[in-house]
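Scroll down for the structure; my scribbles are underneath it.
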Amino acid sequence: MTKRNIILGLAGAIVATVIIAWTVWNALDADAVDFNTEVKPILNKKCITCHGGVKREGDFSLLFRTEALAKAKSGKAAIVPGDAGSSEMIRRLHLSDPEERMPYKKEPLSKREIEILTQWINQGAPWGDHWAYVPVQTPAIPRVPVWGQNAIDGYIDEKLRENGLTAEPQAPARTLLRRASLDLIGLPPDAELKKSFLSDTTAYEQLVDQLLASPHYGERWAAMWMDVARYADTKGYERDDSRTIWRYRDWLIRAFNRDMPYNQFITEQLAGDLLDNPTDDQYIATAFHRNTLTNDEGGTDNEEFRTAAVLDRVNTTWEGLMGTTFACVQCHSHPYDPFRHEEYYQFMAFFNNTRDEDTEAEYPLLRHFKQEDSTAVHALKNWVEKNISSAKAKEVYTFVKTWQPSINSIQADRFINSELTDTKWLIFRNHAVCRLPGVDLTHKNKLIYRYSSWLNDGTWKIYLDSVGGKLLKSVAVVNTQHQWQIVEFTFPEQTGVHDLYFTYVNPNLKKPDDSGMIFDWFYFTDAWADAHPTVKKEFWRLVRQEPETTPVMIENPAAMQRSTHVFERGNWLVKGEAVTPGVPASLVALPSGAPANRLGLAQWMTDPQHPLVARTIVNRVWEQLFGVGLAETLEDLGTQGIAPTHPELLDYLAWQLVHTHKWSLKKLIREIVTSATYRQASRVSDEKQTKDPLNVYLSRAPRVRLSAEQVRDQALAVTGLLSKKMYGPSVMPYQPKGIWLSPWNGKDWEKSHGEDQHRRGLYTYWKRSAPYPSMMTFDGTSREVCTTRRIRTNTPLQALVTLNDSVYVEAARHLAQQLVQQFPKAEDQLAQAYEQVTGQPVTPAKQEVLMALYRKKSPGAVAGNFQKVAHRKPDTDALELVVMALLNLDEVLTKN
Amino acid sequence: MNDLEHLTRRYFLKECAMGLGGLAVGTLFGGCNSTTGTLPLLRANPLAPRPPQFLPKAKSVIYLHMAGAPSQLELFDYKPELHKLDGQDCPPSLLEGKKFAFIRGVPKMLGPQATFKQYGQSGTWVSNYLPHFSSIVDEVTILKAVQTDQFNHGPAQLLMHTGSARLGRPSMGAWVTYGLGSENQNLPGFVVLTSGGRDPDAGKSVWGSGFLPSVYQGVQCRSEGDPVLFINNPEGVTREDRQHSIEAINHLNQITHRETGDPEILSRMAQYEMAFRMQISVPEVMNINDEPDYIHQMYGTQPGKTSLANNILLARKLVEKGVRFIQVFDWGWDSHGTDANLAIDIGFINKCRSVDKAMTALILDLKQRGLLDETLVIWGGEFGRTPMAENREGKANPFKGRDHHTEAFSIWMAGGGIKKGVTFGETDEIGYSGIKGKVTPYDIQATVLNQLGFDHEKLTYEFQGRPFRLTDVHGHVIHDIIA
């Protein structure tokens with residue numbers, strides 16, 4: 001060989017080596033297994049049921065990386081990072097004996113699945129954090145495409161092009177107008193708006209701004225939130241008595257209308273009562289979590305249902321505000337997602353110290369004083385602040401406004417000749433004895449209490465620590481003639497926490513079964529007012545008022561704190577280790593300095609780094625506008641949920657909400673509805689039917705059936721019957737007889753009068769055990785639990801509602817009667833009806849169909865020939881029938 | 001291929017992790033990860049009839065629920081020992097560590113208020129409160145050791161019918177309708193009939209759809225007013241008018257369909273046509289006046305009023321028309337002894353009288369029409385009643401009554417492949433607790449599904465990331481009572 005050949009040969013060898021190494025390196029890179037999209041789905045589907053949060057067979061769990069890499073019961077490591085050959089898990093996948101092979105007694109994994117797991121382990125078994133648990137990063141914002149309006153279109157454009165699709169051109173003006181109006185304010189556009197937009201005096205962006213500024217915007221979005229909040233006008237369960245909580249709905253409407261930043265929106269609802277000097281509105285906001293059910297069924301355990309309400313608060317906070325199926329963790333660690341069993345109870349500890357205890361009265365209640373008295377309350381507070389102390393002022397104010405913190409009489413125990421009557425109130429018979437445990441009497445010498453008695457001559461005695469202990473007070477019980485009264489007495493000041501023993505005797509009670517007095521609550525305080533008779537008189541005048549109320553959240557004072565324990569296997573009767581308030585380790589930590597209560601929790605949730613809160617709300621807003629969320633399962637953004645179709649877009653919007661829009665929902669909505677994606681036409685070509693049948697890529701605007709509230713509101717609005725009256729107590733539009741039949745509850749549906757019959761759907765009285773039927777038929781919910789999204793259905797019962805429910809008949813009649821006054825000719829009446837109901841001008845073909853129907857009903861009615869007859873107006877009958885038909889058209893029931 | 005089929009196939013092949021395998025009928029349940037769209041086949045027509053997982057014995061279910069909980073000690077569970085203890089203080093062993101709804105302190109034992117005899121070839125014990133029923137004991141299985149863990153009406157009824165004592169889950173009827181669809185496309189697949197003057201304590205959620213699409217909820221058919229809400233046309237609108245309206249509506253919808261290409265429009269058009277048909281078929285089936293006199297005699301019906309007997313007869317008619325799941329709730333069985341209506345020896349006897357003839361007639365009537373073998377009938381309450389007399393708030397009640405009892409009650413089942421003339425399960429000497437053959441509401445649910453051709457562990461729906469089922473994580477089919 002020549003020297004030249006050797007050099008060439010060497011060069012060739014080097015090049016070859018480089019090429020081979022490069023190829024191998026590339027191949028390895030190309031084979032890099034992604035944990036989240038390739039490994040975790042296999043684990044979730046095939047392994048984690050037995051080796052995860054619920055069960056840990058062989059002491060091996062795949063829920064957390066540390067667990068997965070630890071030695072199992074056998075002493076072997078299931079996973080040895082970098083060495084699939086030594087990994088017991090991989091060995092088991094290859095076996096043929098179903099007793100030994102994994103998955104245990106199930107079909108073996110496919111070859112491909114085993115390959116993936118093997119490669120993954122060889123690559124070091126890198127774990128991946130699920131996308132939804134990683135804080136949103138600064139997004140890489142795409143270019144706005146040629147057809148687009150903003151960045152949203154850039155994200156949409158990417159996927160469209162990937163799938164060989166193009167966007168539809170903008171929808172026609174009339175369609176877009178109606179769509180935006182229904183989406184933003186839940187109503188079709190009124191005549192003024194139509195005129196200004198269609199005549200081009202208003203540009204689309206201006207239209208959007210006008211709609212966002214409308215007071216009806218708040219109503220439409222409050223209706224959405226009421227599902228999350230499980231708002232209802234009754235308490236639930238057997239008796240399902242009414243509950244006055246409509247002020248919470250008013251609060252929602254106002255909050256949305258003034259575009260309360262979402263972080264503040266959540267904070268006030270979770271912890272309004274814990275803010276500094278909370279206003280009435282901030283208390284009312286906390287009614288969000290007082291929408292839980294109260295069980296008045298006789299014989300129910302109050303603690304059982306107090307606990308059920310607290311669990312529901314935890315579950316609702318996670319499902320509604322963080323798109324997470326945390327409810328699963330009540331009984332065991334989460335099957336799929338990184339949440340441990342004890343973390344459920346650490347979270348529950350935030351909610352476990354409120355004053356509500358499943359009482360019949362639903363304490364604590366915010367008392368809504370009338371104007372002059374409200375001023376008087378503030379005057380009283382100011383006086384106490386000036387003359388006694390700030391702290392005392394706060395205490396007095398809270399008591400006057402809420403009668404808290406009082407001890408409910410259901411806390412009594414160790415009954416002799418006494419009990420909790422109907423499990424609701426402490427009641428005494430002759431020679432009664434009972435105990436009120438654990439009362440903090442430090443600096444207390446005054447008891448204010450609410451009671452009722454129907455006899456004279458009763459004596460109630462209070463003893464310290466035991467029946468034979470120190471007599472604190474002997475009370476000659478005043479007969480209140482069965483009326484509830486609030487009274488007081490002074491006793492010698494004590495210190496420390498004591499059990500109090502009560503006795504009662506009454507010589508008038510001859511029979512052992514007869515009772516003499518009953519208690520509601522006890523409030524231990526000091527005699528601060530005794531030296532100031534005028535102030536004291538005013539204080540008592542206000543305390544004894546019984547104005548309207550709203551259930552709110554009030555935190556337990558230090559003396560009434562409950563400890564929170566893990567419930568073994570989720571059973572509230574089996575308490576395990578005690579826990580303190582905390583958040584799951586797999587998400588962000590509590591901000592430093594955050595208090596260990598709901599306010600601290602709210603700070604955690606509104607931390608810009610929190611991965612779930614912003615994503616959940618933008619996903620929900622997207623679902624409201626497009627019919628389906630970017631992540632379809634609004635309630636589950638975890639590993640079992642449906643992955644978002646456009647994850648970068650979801651993160652972009654979440655980023656925008658927090659950083660650019662500063663938590664403004666209106667700004668977020670504006671950005672979405674001004675996008676070209678939103679403004680597209682909704683036509684589905686054959687090609688798109690094939691390539692994108694479910695409109696996953698948003699290759700056109702979606703056609704979505706209207707919600708239950710919108711179906712009703714629209715029919716009333718287009719026919720001129722809608723009352724635009726806002727706020728106030730819930731109303732009762734017509735409902736057939738015999739729907740309300742709750743046991744032990746004599747109440748009935750009482751139809752509202754006047755314009756209250758034709759209010760917007762969100763004001764309809766919502767009874768949990770017998771919800772308004774038309775709402776339920778159109779996929780409404782009973783609001784017994786948090787509902788994150790309504791599953792749309794299409795049923796003949798819906799047809800029956802819009803064909804035959806009297807509100808639609810009334811609406812049709814109303815419109816028909818107007819039209820016969822405005823237009824002499826039937827053709828014109830029908831054309832106007834069509835335009836008014838659908839928002840589109842009628843076409844000759846459609847007019848022909850309508851005329852044919854008209855003629856069939858009124859064969860004698862030829863165009864131009866109508867008679868003014870007092871009762872029977874055959875022409876109105878025919879017109880009515882046509883209008884009723886119009887209210888049932890698909891294009892009317894659907895947002896186009 | 002029409003639009004709807006087109007939609008279905010593409011969705012499965014593209015979206016569903018199960019791929020081609022997902023097209024198999026058996027895996028339609030709990031296969032894919034998607035919730036709304038899990039079963040686009042069902043989105044097209046959610047009530048389309050479809051076969052169960054294996055060959056069923058029963059095609060329909062009639063569940064007669066006596067809300068309030070009838071006393072098993074006065075009907076089926078004969079306890080002569082309890083008779084001997086009548087009036088004595090309840091021993092502490094029966095009270096220690098137990099919780100009761102209303103009993104406080106030490107109650108007295110209450111002997112059976114009815115007299116019992118054995119009947120039929122099976123020698124089944126039945127009390128004199130059910131004279132007619134005693135004649136058909138050879139057709140039924142009686143479960144005597146049913147137990148629950150709920151002693152309040154609302155949660156107990158929810159547990160019995162939705163598999164959870166808390167709200168939010170679909171009812172049995174909703175699960176069945178989800179699994180089987182509806183045979184008769186002109187009637188709802190799941191019908192509910194109520195009597196007794198009140199709704200069940202758990203409210204309408206006890207026939208609700210929970211997290212299943214609302215199309216599966218029970219449809220309440222009423223004896224007064226519209227048989228189904230809004231079934232009747234408004235005043236002035238004739239049947240003909242309605243036909244013309246729907247024709248016009250659908251004609252216009254056709255035009256919209258051409259303009260937009262949205263397949264959902266076709267579905268809506270189909271719903272309107274079905275609504276039209278239901279306007280005839282529902283009133284027709286709900287009308288019992290056309291039944292022959294001997295049927296009215298047999299059932300003891302009261303045409304023109306609302307009554308349990310009327311509802312039971314209606315249930316038979318609905319079964320004949322292919323309705324799969326009929327639930328009949330009657331209120332008023334809560335014999336606490338707080339007043340005469342709720343006295344074991346007064347009001348309770350009247351309640352028994354109101355159902356005895358009718359439930360007997362139902363079995364005989366189904367039998368004579370050859371329908372009993374494929375119709376599963378269930379009768380019972382949500383829990384039992386205590387062997388002790390209730391002493392609410394520690395005082396004697398004005399009348400004789402029993403408190404709610406979780407540890408033992410009786411339910412009977414007949415037809416649909418259930419054994420005939422059998423008693424399964426036993427309670428202790430005084431009927432306090434089951435000692436053999438104990439079953440829970442979950443077991444009953446599993447058995448009902450089994451007779452309909454479903455493995456209760458495999459009829460699932462993806463929700464909150466996991467496959468839910470009626471029995472959740474519990475339940476065993478009661479094989480001993482299956483023929």
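Chain labels follow the order of the structure tokens: the first chain is A, the next B, and so on; residue numbering restarts at 1 in every chain, and ligands are counted from 1 in their shown order.
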
Looking only at the backbone, which of the residues in range 532-567 of chain A does DSSP tag as strand (DSSP E), as a PyMOL selection string?
chain A and resi 548-551+564-567

File of the preceding selection, N, CA, C and O atoms, as an mmCIF file, in the first residue's frame:
```cif
data_model
loop_
_atom_site.group_PDB
_atom_site.id
_atom_site.type_symbol
_atom_site.label_atom_id
_atom_site.label_comp_id
_atom_site.auth_asym_id
_atom_site.auth_seq_id
_atom_site.Cartn_x
_atom_site.Cartn_y
_atom_site.Cartn_z
ATOM 1 N N GLU A 548 -83.500 40.048 57.249
ATOM 2 C CA GLU A 548 -83.148 38.977 56.322
ATOM 3 C C GLU A 548 -81.687 38.602 56.507
ATOM 4 O O GLU A 548 -80.888 39.416 56.936
ATOM 5 N N THR A 549 -81.394 37.369 56.135
ATOM 6 C CA THR A 549 -80.033 36.885 56.378
ATOM 7 C C THR A 549 -79.468 36.202 55.148
ATOM 8 O O THR A 549 -80.189 35.885 54.204
ATOM 9 N N THR A 550 -78.176 35.963 55.166
ATOM 10 C CA THR A 550 -77.498 35.134 54.167
ATOM 11 C C THR A 550 -76.501 34.262 54.917
ATOM 12 O O THR A 550 -75.755 34.784 55.751
ATOM 13 N N PRO A 551 -76.473 32.959 54.655
ATOM 14 C CA PRO A 551 -75.463 32.129 55.312
ATOM 15 C C PRO A 551 -74.067 32.522 54.820
ATOM 16 O O PRO A 551 -73.871 32.724 53.618
ATOM 17 N N THR A 564 -58.058 18.496 62.985
ATOM 18 C CA THR A 564 -58.399 17.738 61.794
ATOM 19 C C THR A 564 -57.561 16.480 61.758
ATOM 20 O O THR A 564 -56.365 16.513 62.059
ATOM 21 N N HIS A 565 -58.205 15.384 61.413
ATOM 22 C CA HIS A 565 -57.514 14.098 61.369
ATOM 23 C C HIS A 565 -57.715 13.458 60.019
ATOM 24 O O HIS A 565 -58.707 13.709 59.328
ATOM 25 N N VAL A 566 -56.769 12.593 59.675
ATOM 26 C CA VAL A 566 -56.947 11.764 58.490
ATOM 27 C C VAL A 566 -58.104 10.812 58.779
ATOM 28 O O VAL A 566 -58.210 10.297 59.890
ATOM 29 N N PHE A 567 -58.984 10.626 57.805
ATOM 30 C CA PHE A 567 -60.031 9.613 57.977
ATOM 31 C C PHE A 567 -59.490 8.320 57.384
ATOM 32 O O PHE A 567 -59.205 8.255 56.186
#
```

Just want the 8 Å neighbourhood of Asp345 in chain B, counted on only C-alpha atoms, with same-chain residues fewer than 6 positions away dropped. Output as a PyMOL selection string.
chain B and resi 113-114+400

Would you export the selected residues with N, CA, C and O atoms as a PDB file, in the first residue's frame, please?
```pdb
ATOM      1  N   GLN B 113     -96.479  -7.612  65.709  1.00  0.00           N
ATOM      2  CA  GLN B 113     -97.870  -7.206  65.856  1.00  0.00           C
ATOM      3  C   GLN B 113     -98.773  -7.978  64.909  1.00  0.00           C
ATOM      4  O   GLN B 113     -99.985  -7.835  64.939  1.00  0.00           O
ATOM      5  N   ALA B 114     -98.174  -8.746  64.017  1.00  0.00           N
ATOM      6  CA  ALA B 114     -98.954  -9.536  63.070  1.00  0.00           C
ATOM      7  C   ALA B 114     -98.822 -11.004  63.427  1.00  0.00           C
ATOM      8  O   ALA B 114     -97.925 -11.385  64.177  1.00  0.00           O
ATOM      9  N   LYS B 400     -97.705   2.363  68.631  1.00  0.00           N
ATOM     10  CA  LYS B 400     -96.659   1.331  68.503  1.00  0.00           C
ATOM     11  C   LYS B 400     -95.883   1.582  67.222  1.00  0.00           C
ATOM     12  O   LYS B 400     -96.476   1.726  66.150  1.00  0.00           O
TER      13      LYS B 400
END
```

With 7 Å as the limit and counting only C-alpha atoms, what residues in chain A lie close to chain B? Please list them as a count of residues only.
46

Per DSSP on the backbone, what are the alpha helix (DSSP H) residues of range 377-619 of chain A, as number ranges by chain?
A: 377-387, 390-402, 533-543, 598-605, 613-619

Residue nearest Tyr248 in chain A - candidates A:Thr201, A:Asn263, A:Ser452, A:Thr286, atoms counted: only C-alpha atoms
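Nearest candidate to Tyr248 in chain A out of A:Thr201, A:Asn263, A:Ser452, A:Thr286: A:Thr286.
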
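Nearest to Val696 in chain A of all the residues A:Pro405, A:Gly323, A:Pro644, A:Pro98 is A:Pro644, counting only C-alpha atoms.
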